[in-house]
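*Asks:* Just one file: upload-v2.cif, with mmCIF, C-alpha atoms.
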```cif
data_structure
#
loop_
_atom_site.label_atom_id
_atom_site.label_comp_id
_atom_site.auth_asym_id
_atom_site.auth_seq_id
_atom_site.Cartn_x
_atom_site.Cartn_y
_atom_site.Cartn_z
CA MET A 1 -11.36 6.38 34.50
CA ILE A 2 -11.14 8.31 37.73
CA LEU A 3 -7.55 9.20 38.57
CA PRO A 4 -6.10 9.70 42.06
CA LEU A 5 -5.90 13.36 43.06
CA ILE A 6 -2.49 14.66 44.10
CA THR A 7 -2.58 16.86 47.20
CA VAL A 8 -0.14 19.19 48.95
CA PRO A 9 2.71 18.85 49.77
CA ASP A 10 3.42 16.60 46.73
CA PRO A 11 6.31 18.25 44.81
CA ILE A 12 4.68 17.76 41.36
CA LEU A 13 2.25 20.55 42.33
CA ARG A 14 5.21 22.98 42.44
CA GLN A 15 6.81 21.92 39.13
CA LYS A 16 6.46 23.78 35.86
CA ALA A 17 4.56 21.44 33.54
CA ARG A 18 6.01 20.52 30.12
CA PRO A 19 4.31 21.68 26.93
CA VAL A 20 2.43 18.99 25.03
CA LYS A 21 4.30 18.36 21.76
CA LYS A 22 1.50 16.49 19.98
CA VAL A 23 -2.19 16.07 20.76
CA SER A 24 -2.15 12.28 20.69
CA LYS A 25 -4.59 9.57 21.73
CA ARG A 26 -2.79 9.48 25.09
CA ILE A 27 -3.46 13.20 25.64
CA ARG A 28 -7.12 12.85 24.61
CA THR A 29 -7.51 9.92 27.04
CA LEU A 30 -5.80 11.94 29.78
CA ALA A 31 -8.21 14.84 29.20
CA GLN A 32 -11.23 12.51 29.32
CA ASN A 33 -9.98 10.89 32.53
CA MET A 34 -9.32 14.35 34.01
CA LEU A 35 -12.90 15.40 33.26
CA GLU A 36 -14.27 12.25 34.90
CA THR A 37 -12.01 12.84 37.92
CA MET A 38 -13.07 16.50 38.19
CA TYR A 39 -16.78 15.64 38.01
CA ASP A 40 -16.37 12.82 40.54
CA ALA A 41 -14.64 15.23 42.96
CA GLU A 42 -17.31 17.90 42.30
CA GLY A 43 -14.72 20.41 41.09
CA VAL A 44 -15.00 23.01 38.32
CA GLY A 45 -11.42 22.72 37.05
CA LEU A 46 -8.43 20.41 37.07
CA ALA A 47 -4.86 20.65 35.79
CA ALA A 48 -2.78 17.63 34.76
CA PRO A 49 -0.25 18.02 37.62
CA GLN A 50 -3.17 17.49 40.02
CA VAL A 51 -3.41 13.92 38.72
CA GLY A 52 0.35 13.39 38.67
CA VAL A 53 1.06 14.35 35.04
CA ALA A 54 3.50 17.25 34.54
CA GLU A 55 2.08 18.32 31.17
CA ARG A 56 0.20 21.47 30.16
CA VAL A 57 -3.40 20.21 30.03
CA ILE A 58 -6.39 21.70 31.87
CA VAL A 59 -10.08 20.86 32.00
CA ILE A 60 -12.86 23.16 33.20
CA ASP A 61 -16.64 23.03 33.50
CA VAL A 62 -18.30 25.98 35.20
CA GLY A 63 -21.77 24.90 34.08
CA GLN A 64 -21.37 25.72 30.38
CA GLY A 65 -20.12 22.26 29.35
CA PRO A 66 -16.64 20.75 29.43
CA LEU A 67 -13.67 22.73 28.19
CA VAL A 68 -10.28 21.16 27.46
CA LEU A 69 -7.23 23.32 26.79
CA ILE A 70 -3.81 22.02 25.86
CA ASN A 71 -0.80 24.33 26.27
CA PRO A 72 -3.05 27.18 27.46
CA LYS A 73 -1.63 30.70 27.65
CA LEU A 74 -3.13 33.73 29.31
CA VAL A 75 -2.77 36.48 26.67
CA SER A 76 -4.65 39.34 28.31
CA LYS A 77 -6.53 40.21 31.45
CA SER A 78 -8.51 43.17 32.74
CA GLY A 79 -10.45 44.32 35.76
CA GLN A 80 -10.32 42.83 39.20
CA GLU A 81 -12.60 40.56 41.17
CA ARG A 82 -12.35 39.05 44.64
CA ASP A 83 -14.11 35.79 45.44
CA VAL A 84 -13.74 32.55 47.37
CA GLU A 85 -11.64 29.76 45.86
CA GLY A 86 -10.88 26.22 46.81
CA CYS A 87 -8.71 23.56 45.22
CA LEU A 88 -9.05 19.80 44.87
CA SER A 89 -5.34 19.50 45.74
CA ILE A 90 -5.82 21.42 49.00
CA PRO A 91 -8.85 19.71 50.55
CA GLY A 92 -10.83 21.67 53.12
CA ARG A 93 -9.12 25.01 52.46
CA ARG A 94 -11.03 27.95 50.99
CA ALA A 95 -10.08 31.63 50.89
CA TYR A 96 -10.78 34.89 49.13
CA VAL A 97 -8.45 35.52 46.18
CA THR A 98 -8.23 38.61 43.96
CA ARG A 99 -7.96 37.82 40.25
CA ALA A 100 -8.59 39.48 36.89
CA ALA A 101 -12.31 39.82 36.10
CA LYS A 102 -11.88 39.12 32.36
CA VAL A 103 -9.25 37.07 30.54
CA LYS A 104 -8.33 35.99 27.04
CA VAL A 105 -6.65 32.61 26.67
CA THR A 106 -5.20 30.69 23.73
CA GLY A 107 -4.39 27.01 23.49
CA LEU A 108 -5.09 23.87 21.52
CA ASN A 109 -8.28 21.83 21.50
CA LEU A 110 -8.45 18.01 21.41
CA GLU A 111 -8.05 18.09 17.62
CA GLY A 112 -4.79 20.01 17.99
CA LYS A 113 -6.27 23.18 16.49
CA LYS A 114 -5.47 26.60 17.98
CA ILE A 115 -8.37 28.18 19.82
CA GLU A 116 -8.87 31.48 21.58
CA LEU A 117 -11.47 32.14 24.21
CA GLU A 118 -12.52 34.94 26.47
CA GLY A 119 -13.93 34.42 29.91
CA GLU A 120 -15.30 36.48 32.72
CA GLY A 121 -16.64 35.75 36.18
CA ILE A 122 -16.17 32.17 37.33
CA LEU A 123 -14.77 31.06 33.95
CA ALA A 124 -12.04 33.73 34.13
CA ARG A 125 -11.25 32.66 37.71
CA ALA A 126 -11.10 28.96 36.79
CA LEU A 127 -8.87 29.62 33.76
CA GLN A 128 -6.42 31.64 35.85
CA HIS A 129 -6.43 29.09 38.69
CA GLU A 130 -5.81 26.09 36.41
CA ILE A 131 -3.18 27.78 34.23
CA GLU A 132 -1.29 28.76 37.38
CA HIS A 133 -1.24 25.08 38.39
CA LEU A 134 0.78 24.42 35.22
CA ASP A 135 3.44 26.82 36.54
CA GLY A 136 3.53 25.35 40.04
CA ILE A 137 1.47 28.17 41.58
CA LEU A 138 -1.30 27.37 44.07
CA PHE A 139 -4.15 29.65 45.11
CA ILE A 140 -2.76 29.81 48.65
CA ASP A 141 0.31 31.60 47.23
CA HIS A 142 -1.95 34.60 46.55
CA LEU A 143 -2.84 34.77 50.24
CA ALA A 144 0.82 35.33 51.14
CA GLU A 145 1.04 38.09 48.49
CA GLU A 146 -2.02 39.84 49.93
CA ARG A 147 -0.59 39.74 53.45
CA GLU A 148 2.62 41.32 52.12
CA GLU A 149 0.66 44.12 50.39
CA LYS A 150 -1.15 45.01 53.62
CA ARG A 151 2.10 45.68 55.48
#
```
As structure tokens, please, write out the structure in this file.
*Replies:*
Amino acid sequence: MILPLITVPDPILRQKARPVKKVSKRIRTLAQNMLETMYDAEGVGLAAPQVGVAERVIVIDVGQGPLVLINPKLVSKSGQERDVEGCLSIPGRRAYVTRAAKVKVTGLNLEGKKIELEGEGILARALQHEIEHLDGILFIDHLAEEREEKR
């Protein structure tokens, strides 16, 4: 089922999402619906707050098949890369954002088992972007930081 996308300035996008206590049928259905919504909107990632659910669930597909992470945590990052980003919750806005080039992330899969994955390039960017959504951070917040650094 395709879910409605939440866009700025909806306050849920600025909330810190709650951890998922149990990977239930409801969470698995949410993840499936999020994937369908992401594909329909031609995105490469989506976080639960973007569909109005303040829980720590993200979905990503950067061309390597769908990835679902529940309660994801960024455990390490290295390098730096600058590239253009957009966001389904901020239609029509794209900008260059500097992020880590490589990341390591842990979380739970749809079976509730702990997984760890490493990503670089677009996968690293998507992981960082979506995990930040769970903490109420939007990619446009990085633009303000960069302007401050240039002063």
*Asks:* Got a sec to resolve the PyMOL selection byres ((chain A and resi 54-59) around 9) on this structure and send the residues as JSON, numbers by chain?
*Replies:* {"A": [12, 13, 15, 16, 17, 18, 19, 20, 27, 30, 31, 32, 34, 35, 38, 44, 45, 46, 47, 48, 49, 50, 51, 52, 53, 60, 61, 66, 67, 68, 69, 70, 71, 72, 127, 130, 131, 133, 134, 135]}
*Asks:* Check the smallest atom-to-atom distance from each of A:Val62, A:Val97, A:Ala126, A:Leu88 to Leu143 (chain A) using all atoms listed in the file, then report the winner.
*Replies:*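 Of A:Val62, A:Val97, A:Ala126, A:Leu88, the one nearest Leu143 (chain A) is A:Val97, counting all atoms listed in the file.
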*Asks:* Which residues match the PyMOL selection byres ((chain A and resi 115) around 10) in the file above, as an MDAnalysis selection string?
*Replies:* chainID A and resid 69:70 72 105:109 112:114 116:117
*Asks:* Just write the chosen residues, C-alpha atoms, as a short mmCIF file (atom, residue, chain, number, x, y, z; two decimals), in the coordinates of the input.
*Replies:*
```cif
data_model
loop_
_atom_site.label_atom_id
_atom_site.label_comp_id
_atom_site.auth_asym_id
_atom_site.auth_seq_id
_atom_site.Cartn_x
_atom_site.Cartn_y
_atom_site.Cartn_z
CA LEU A 69 -7.23 23.32 26.79
CA ILE A 70 -3.81 22.02 25.86
CA PRO A 72 -3.05 27.18 27.46
CA VAL A 105 -6.65 32.61 26.67
CA THR A 106 -5.20 30.69 23.73
CA GLY A 107 -4.39 27.01 23.49
CA LEU A 108 -5.09 23.87 21.52
CA ASN A 109 -8.28 21.83 21.50
CA GLY A 112 -4.79 20.01 17.99
CA LYS A 113 -6.27 23.18 16.49
CA LYS A 114 -5.47 26.60 17.98
CA GLU A 116 -8.87 31.48 21.58
CA LEU A 117 -11.47 32.14 24.21
#
```
*Asks:* What does the PyMOL selection byres ((chain A and resi 94) around 7) select in this file, as a short mmCIF file (atom, residue, chain, number, x, y, z; two decimals) with C-alpha atoms, in the frame of the given file?
*Replies:*
```
data_model
loop_
_atom_site.label_atom_id
_atom_site.label_comp_id
_atom_site.auth_asym_id
_atom_site.auth_seq_id
_atom_site.Cartn_x
_atom_site.Cartn_y
_atom_site.Cartn_z
CA VAL A 84 -13.74 32.55 47.37
CA GLU A 85 -11.64 29.76 45.86
CA GLY A 86 -10.88 26.22 46.81
CA GLY A 92 -10.83 21.67 53.12
CA ARG A 93 -9.12 25.01 52.46
CA ALA A 95 -10.08 31.63 50.89
#
```
*Asks:* Set the distance at 9 Å and use all atoms listed in the file: which residues neighbour Pro91 (chain A) once local chain neighbours fewer than 4 positions away are removed? I'd like the list as JSON, numbers by chain.
*Replies:* {"A": [7, 8, 86, 87]}
*Asks:* At what distance in Å, to one decimal, does CA of Arg99 (chain A) lie from CA of Ser76 (chain A)?
*Replies:*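 Result for CA of Ser76 (chain A) versus CA of Arg99 (chain A): 12.5 Å, one decimal.
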*Asks:* Show which residues sit within 9 Å of Gly119 (chain A), as a list in words. Count only C-alpha atoms, and ignore same-chain residues fewer than 4 positions away.
*Replies:*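 Close residues of Gly119 (chain A): Ala101, Lys102, Val103, Lys104, Val105, Leu123, Ala124, Arg125 and Leu127 of chain A.
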